[in-house]
Amino acid sequence: MRIAVPDKHVHRLLNHGPTTMITTAHGTRRNVMAAAWVMPLDFTPPKFAAVVAADTWTRELLVASGECVLHAPTTLQADLCFEVGTHSGRDGDKFERFSIATEPATTVAAPLILGCAAWLECRVLVEPVMAERYDLFVLECTAAFADEALWYDGSWHFAPNGPRTIHHEKGGRFFATGELVMARR
Ligand SMILES: Cc1cc2nc3c(=O)[nH]c(=O)nc-3n(C[C@H](O)[C@H](O)[C@H](O)COP(=O)(O)O)c2cc1C
C-alpha cells in the first residue's frame with residue numbers, strides 16, 4: 001500500500017543512495033530507464049539532482065514534458081531495473097516488452113510503476129547550462145509516496161529477508177541496502 005510522504009521527509013527516500021528508475025511521458029509517448037546517478041539536493045520543497053544522458057529517449061521526453069517520476073525499485077525488481085537500463089524506448093515500448101504494471105501519478109503524466117519502494121513525482125527546474133554541459137537535471141518533487149510495509153515513522157525499515165532498495169555497481173551487479181548501523185548519539 002502506497003502512503004504519502006510529507007515534504008520534510010522526502011529527501012530521506014533517496015538519502016541512502018539507491019538506484020532509481022525514471023518514468024517519463026509526453027503526449028502518447030511514455031518511457032522508463034534506470035538511473036543510479038540521482039541524489040537529494042534540498043529539503044523543502046524537496047529537490048533532487050539527476051544525470052540523464054543526452055542520448056537517452058528519457059532525456060527527450062523529460063525535456064519535452066518537464067516532468068518525470070523517480071522510483072526506488074526493490075531487490076525483487078533488480079532484473080527489471082537492469083533491463084530498462086540496457087534497452088532504449090526508441091526500440092519499442094518497454095512497459096509492454098517487460099510487462100510493467102503501472103498506475104497514474106497524481107501530479108504528472110508519467111506513470112507510477114507498481115511494486116516499488118518509493119515514488120517521487122517531479123517537475124524539471126530548467127537549468128539549460130547544467131543540462132547541456134553535465135547532463136544534470138534539477139528536479140523538484142511535487143508528490144511522494146512510499147510502500148507502507150517498508151517506510152513508516154519517517155524512515156526506511158527493511159526486514160532481514162524482505163525486499164530492500166538496491167545499489168548498482170556495474171554490469172547488472174547490485175547490492176541490496178544493508179543492515180541499520182546506529183551512530184552513538
Ligand atoms: C543500473 C543502471 C543505472 C543507470 N544509471 C544511469 C544514470 O544515472 N544516468 C543515465 O543517463 N543513464 C543511466 N543508465 C543507462 C540508461 O538507463 C540507459 O541508457 C537506458 O537504456 C536509456 O533508456 P532510454 O533510451 O529508453 O531512455 C543506467 C543503466 C543501468 C543498468
# chains A, B, ... in the order shown; residues from 1 in each chain; ligands from 1
>>> residues_near_ligand(ligand="ligand 1", cutoff="10 Å", atoms="only C-alpha atoms and all ligand atoms", output="ChimeraX atom specification")
/A:18-24,30-39,50-62,78-94,135-136,166-174
>>> residues_around(residues="Leu114 in chain A", least_positions_apart="5", cutoff="9 Å", atoms="only C-alpha atoms", output="MDAnalysis selection string")
chainID A and resid 100:103
>>> write_last_selection(atoms="N, CA and C atoms", output="PDB file, in the first residue's frame")
ATOM      1  N   ILE A 100       5.433  -4.311 -17.572  1.00  0.00           N
ATOM      2  CA  ILE A 100       5.497  -3.421 -16.406  1.00  0.00           C
ATOM      3  C   ILE A 100       4.106  -2.881 -16.101  1.00  0.00           C
ATOM      4  N   ALA A 101       3.622  -3.190 -14.894  1.00  0.00           N
ATOM      5  CA  ALA A 101       2.293  -2.706 -14.478  1.00  0.00           C
ATOM      6  C   ALA A 101       2.440  -1.303 -13.893  1.00  0.00           C
ATOM      7  N   THR A 102       1.521  -0.420 -14.260  1.00  0.00           N
ATOM      8  CA  THR A 102       1.602   0.983 -13.815  1.00  0.00           C
ATOM      9  C   THR A 102       0.254   1.471 -13.296  1.00  0.00           C
ATOM     10  N   GLU A 103       0.340   2.603 -12.616  1.00  0.00           N
ATOM     11  CA  GLU A 103      -0.853   3.355 -12.208  1.00  0.00           C
ATOM     12  C   GLU A 103      -0.602   4.815 -12.559  1.00  0.00           C
TER      13      GLU A 103
END
>>> closest_residue(among="A:Glu132, A:Phe98, A:His9, A:His26", to="Gly154 in chain A", atoms="only C-alpha atoms")
A:His9
>>> closest_residue(among="A:Ala149, A:Leu76, A:Leu70, A:Leu125", to="Ile113 in chain A", atoms="only C-alpha atoms")
A:Leu70
>>> atom_distance(atom1="CA of Thr44 in chain A", atom2="CA of Lys8 in chain A")
6.0 Å
>>> select_by_dssp(residues="range 1-181 of chain A", states="strand (DSSP E)", output="number ranges by chain")
A: 2-4, 20-26, 29-35, 38-42, 47-51, 67-72, 102-103, 112-113, 118-125, 136-147, 151-152, 155-156, 166-170, 173-176
>>> residues_around(residues="Ile3 in chain A", least_positions_apart="6", cutoff="9 Å", atoms="only C-alpha atoms", output="PyMOL selection string")
chain A and resi 144-148+151
>>> write_last_selection(atoms="N, CA and C atoms", output="PDB file, in the first residue's frame")
ATOM      1  N   ALA A 144       5.086  12.669  -3.226  1.00  0.00           N
ATOM      2  CA  ALA A 144       5.933  11.487  -2.985  1.00  0.00           C
ATOM      3  C   ALA A 144       5.181  10.463  -2.163  1.00  0.00           C
ATOM      4  N   PHE A 145       5.489   9.203  -2.437  1.00  0.00           N
ATOM      5  CA  PHE A 145       4.814   8.086  -1.787  1.00  0.00           C
ATOM      6  C   PHE A 145       5.833   6.999  -1.475  1.00  0.00           C
ATOM      7  N   ALA A 146       5.508   6.171  -0.489  1.00  0.00           N
ATOM      8  CA  ALA A 146       6.364   5.029  -0.171  1.00  0.00           C
ATOM      9  C   ALA A 146       5.477   3.846   0.178  1.00  0.00           C
ATOM     10  N   ASP A 147       6.056   2.660   0.076  1.00  0.00           N
ATOM     11  CA  ASP A 147       5.355   1.427   0.451  1.00  0.00           C
ATOM     12  C   ASP A 147       5.313   1.377   1.978  1.00  0.00           C
ATOM     13  N   GLU A 148       4.107   1.372   2.533  1.00  0.00           N
ATOM     14  CA  GLU A 148       3.982   1.471   3.998  1.00  0.00           C
ATOM     15  C   GLU A 148       4.554   0.253   4.724  1.00  0.00           C
ATOM     16  N   TRP A 151       8.314   1.629   4.758  1.00  0.00           N
ATOM     17  CA  TRP A 151       8.571   3.009   5.203  1.00  0.00           C
ATOM     18  C   TRP A 151       7.507   3.425   6.215  1.00  0.00           C
TER      19      TRP A 151
END
>>> select_by_dssp(residues="chain A", states="helix (DSSP H, G or I)", output="ChimeraX atom specification")
/A:7-13,57-65,75-84,89-91,94-97,128-134
>>> atom_distance(atom1="CA of Val129 in chain A", atom2="CA of Pro46 in chain A")
21.4 Å
>>> closest_residue(among="A:Ser155, A:Arg185, A:Pro104, A:Ala143", to="Trp119 in chain A", atoms="only C-alpha atoms")
A:Ala143
>>> atom_distance(atom1="CA of Gly27 in chain A", atom2="CA of Pro73 in chain A")
25.3 Å
>>> residues_around(residues="Glu179 in chain A", least_positions_apart="6", cutoff="12 Å", atoms="only C-alpha atoms", output="PyMOL selection string")
chain A and resi 16+156-161+164-165
>>> write_last_selection(atoms="C-alpha atoms", output="compact mmCIF listing (two decimals), in the first residue's frame")
# COMPACT_ATOMS: atom_id res chain seq x y z
CA HIS A 16 20.87 6.28 1.33
CA TRP A 156 13.03 3.00 5.98
CA HIS A 157 12.50 -0.32 7.81
CA PHE A 158 13.84 -3.22 5.74
CA ALA A 159 13.13 -6.69 7.17
CA PRO A 160 16.07 -9.17 7.20
CA ASN A 161 14.69 -11.34 4.39
CA ARG A 164 15.12 -3.79 0.03
CA THR A 165 16.21 -0.96 -2.17
>>> closest_residue(among="A:Pro6, A:Pro128, A:Gly66, A:Gly115", to="Leu150 in chain A", atoms="only C-alpha atoms")
A:Gly115
>>> decode(residues="range 106-169 of chain A", atoms="C-alpha atoms", output="PDB file, in the first residue's frame")
ATOM      1  CA  THR A 106      -1.209  12.370  -9.101  1.00  0.00           C
ATOM      2  CA  THR A 107       0.635  15.489 -10.342  1.00  0.00           C
ATOM      3  CA  VAL A 108       2.471  14.433 -13.533  1.00  0.00           C
ATOM      4  CA  ALA A 109       1.676  12.480 -16.699  1.00  0.00           C
ATOM      5  CA  ALA A 110       4.495   9.945 -16.244  1.00  0.00           C
ATOM      6  CA  PRO A 111       3.220   6.670 -14.768  1.00  0.00           C
ATOM      7  CA  LEU A 112       3.977   5.026 -11.408  1.00  0.00           C
ATOM      8  CA  ILE A 113       5.496   1.540 -11.663  1.00  0.00           C
ATOM      9  CA  LEU A 114       3.832  -0.869  -9.253  1.00  0.00           C
ATOM     10  CA  GLY A 115       5.900  -2.796  -6.714  1.00  0.00           C
ATOM     11  CA  CYS A 116       8.499  -0.121  -5.984  1.00  0.00           C
ATOM     12  CA  ALA A 117       9.584   1.025  -2.522  1.00  0.00           C
ATOM     13  CA  ALA A 118       9.125   4.743  -3.274  1.00  0.00           C
ATOM     14  CA  TRP A 119       7.715   7.054  -5.930  1.00  0.00           C
ATOM     15  CA  LEU A 120       8.677  10.715  -6.317  1.00  0.00           C
ATOM     16  CA  GLU A 121       6.699  12.755  -8.807  1.00  0.00           C
ATOM     17  CA  CYS A 122       8.848  15.637 -10.035  1.00  0.00           C
ATOM     18  CA  ARG A 123       8.938  18.664 -12.287  1.00  0.00           C
ATOM     19  CA  VAL A 124      12.079  19.857 -14.018  1.00  0.00           C
ATOM     20  CA  LEU A 125      13.556  23.169 -12.871  1.00  0.00           C
ATOM     21  CA  VAL A 126      15.059  24.417 -16.110  1.00  0.00           C
ATOM     22  CA  GLU A 127      18.832  24.903 -15.876  1.00  0.00           C
ATOM     23  CA  PRO A 128      19.997  24.779 -19.523  1.00  0.00           C
ATOM     24  CA  VAL A 129      23.730  25.187 -18.863  1.00  0.00           C
ATOM     25  CA  MET A 130      23.893  22.289 -16.395  1.00  0.00           C
ATOM     26  CA  ALA A 131      21.822  20.098 -18.698  1.00  0.00           C
ATOM     27  CA  GLU A 132      23.918  20.845 -21.754  1.00  0.00           C
ATOM     28  CA  ARG A 133      27.285  20.758 -20.015  1.00  0.00           C
ATOM     29  CA  TYR A 134      26.812  17.966 -17.453  1.00  0.00           C
ATOM     30  CA  ASP A 135      23.573  16.144 -18.424  1.00  0.00           C
ATOM     31  CA  LEU A 136      22.430  17.272 -14.975  1.00  0.00           C
ATOM     32  CA  PHE A 137      18.761  17.981 -14.181  1.00  0.00           C
ATOM     33  CA  VAL A 138      17.353  19.624 -11.081  1.00  0.00           C
ATOM     34  CA  LEU A 139      14.022  18.057 -10.150  1.00  0.00           C
ATOM     35  CA  GLU A 140      11.527  19.446  -7.652  1.00  0.00           C
ATOM     36  CA  CYS A 141       9.261  16.888  -6.042  1.00  0.00           C
ATOM     37  CA  THR A 142       5.530  17.613  -6.376  1.00  0.00           C
ATOM     38  CA  ALA A 143       4.239  14.481  -4.595  1.00  0.00           C
ATOM     39  CA  ALA A 144       5.933  11.487  -2.985  1.00  0.00           C
ATOM     40  CA  PHE A 145       4.814   8.086  -1.787  1.00  0.00           C
ATOM     41  CA  ALA A 146       6.364   5.029  -0.171  1.00  0.00           C
ATOM     42  CA  ASP A 147       5.355   1.427   0.451  1.00  0.00           C
ATOM     43  CA  GLU A 148       3.982   1.471   3.998  1.00  0.00           C
ATOM     44  CA  ALA A 149       5.416  -2.025   4.625  1.00  0.00           C
ATOM     45  CA  LEU A 150       8.933  -0.627   4.139  1.00  0.00           C
ATOM     46  CA  TRP A 151       8.571   3.009   5.203  1.00  0.00           C
ATOM     47  CA  TYR A 152       6.961   4.317   8.393  1.00  0.00           C
ATOM     48  CA  ASP A 153       7.689   6.839  11.155  1.00  0.00           C
ATOM     49  CA  GLY A 154       9.665   8.849   8.594  1.00  0.00           C
ATOM     50  CA  SER A 155      12.273   6.095   7.991  1.00  0.00           C
ATOM     51  CA  TRP A 156      13.026   3.004   5.975  1.00  0.00           C
ATOM     52  CA  HIS A 157      12.503  -0.321   7.812  1.00  0.00           C
ATOM     53  CA  PHE A 158      13.845  -3.222   5.739  1.00  0.00           C
ATOM     54  CA  ALA A 159      13.135  -6.691   7.167  1.00  0.00           C
ATOM     55  CA  PRO A 160      16.067  -9.170   7.198  1.00  0.00           C
ATOM     56  CA  ASN A 161      14.693 -11.338   4.388  1.00  0.00           C
ATOM     57  CA  GLY A 162      12.264  -8.875   2.828  1.00  0.00           C
ATOM     58  CA  PRO A 163      12.570  -6.611  -0.193  1.00  0.00           C
ATOM     59  CA  ARG A 164      15.119  -3.791   0.033  1.00  0.00           C
ATOM     60  CA  THR A 165      16.209  -0.958  -2.169  1.00  0.00           C
ATOM     61  CA  ILE A 166      19.193  -1.641  -4.449  1.00  0.00           C
ATOM     62  CA  HIS A 167      22.510  -0.022  -5.381  1.00  0.00           C
ATOM     63  CA  HIS A 168      24.166  -0.563  -8.746  1.00  0.00           C
ATOM     64  CA  GLU A 169      27.904  -1.116  -9.099  1.00  0.00           C
TER      65      GLU A 169
END
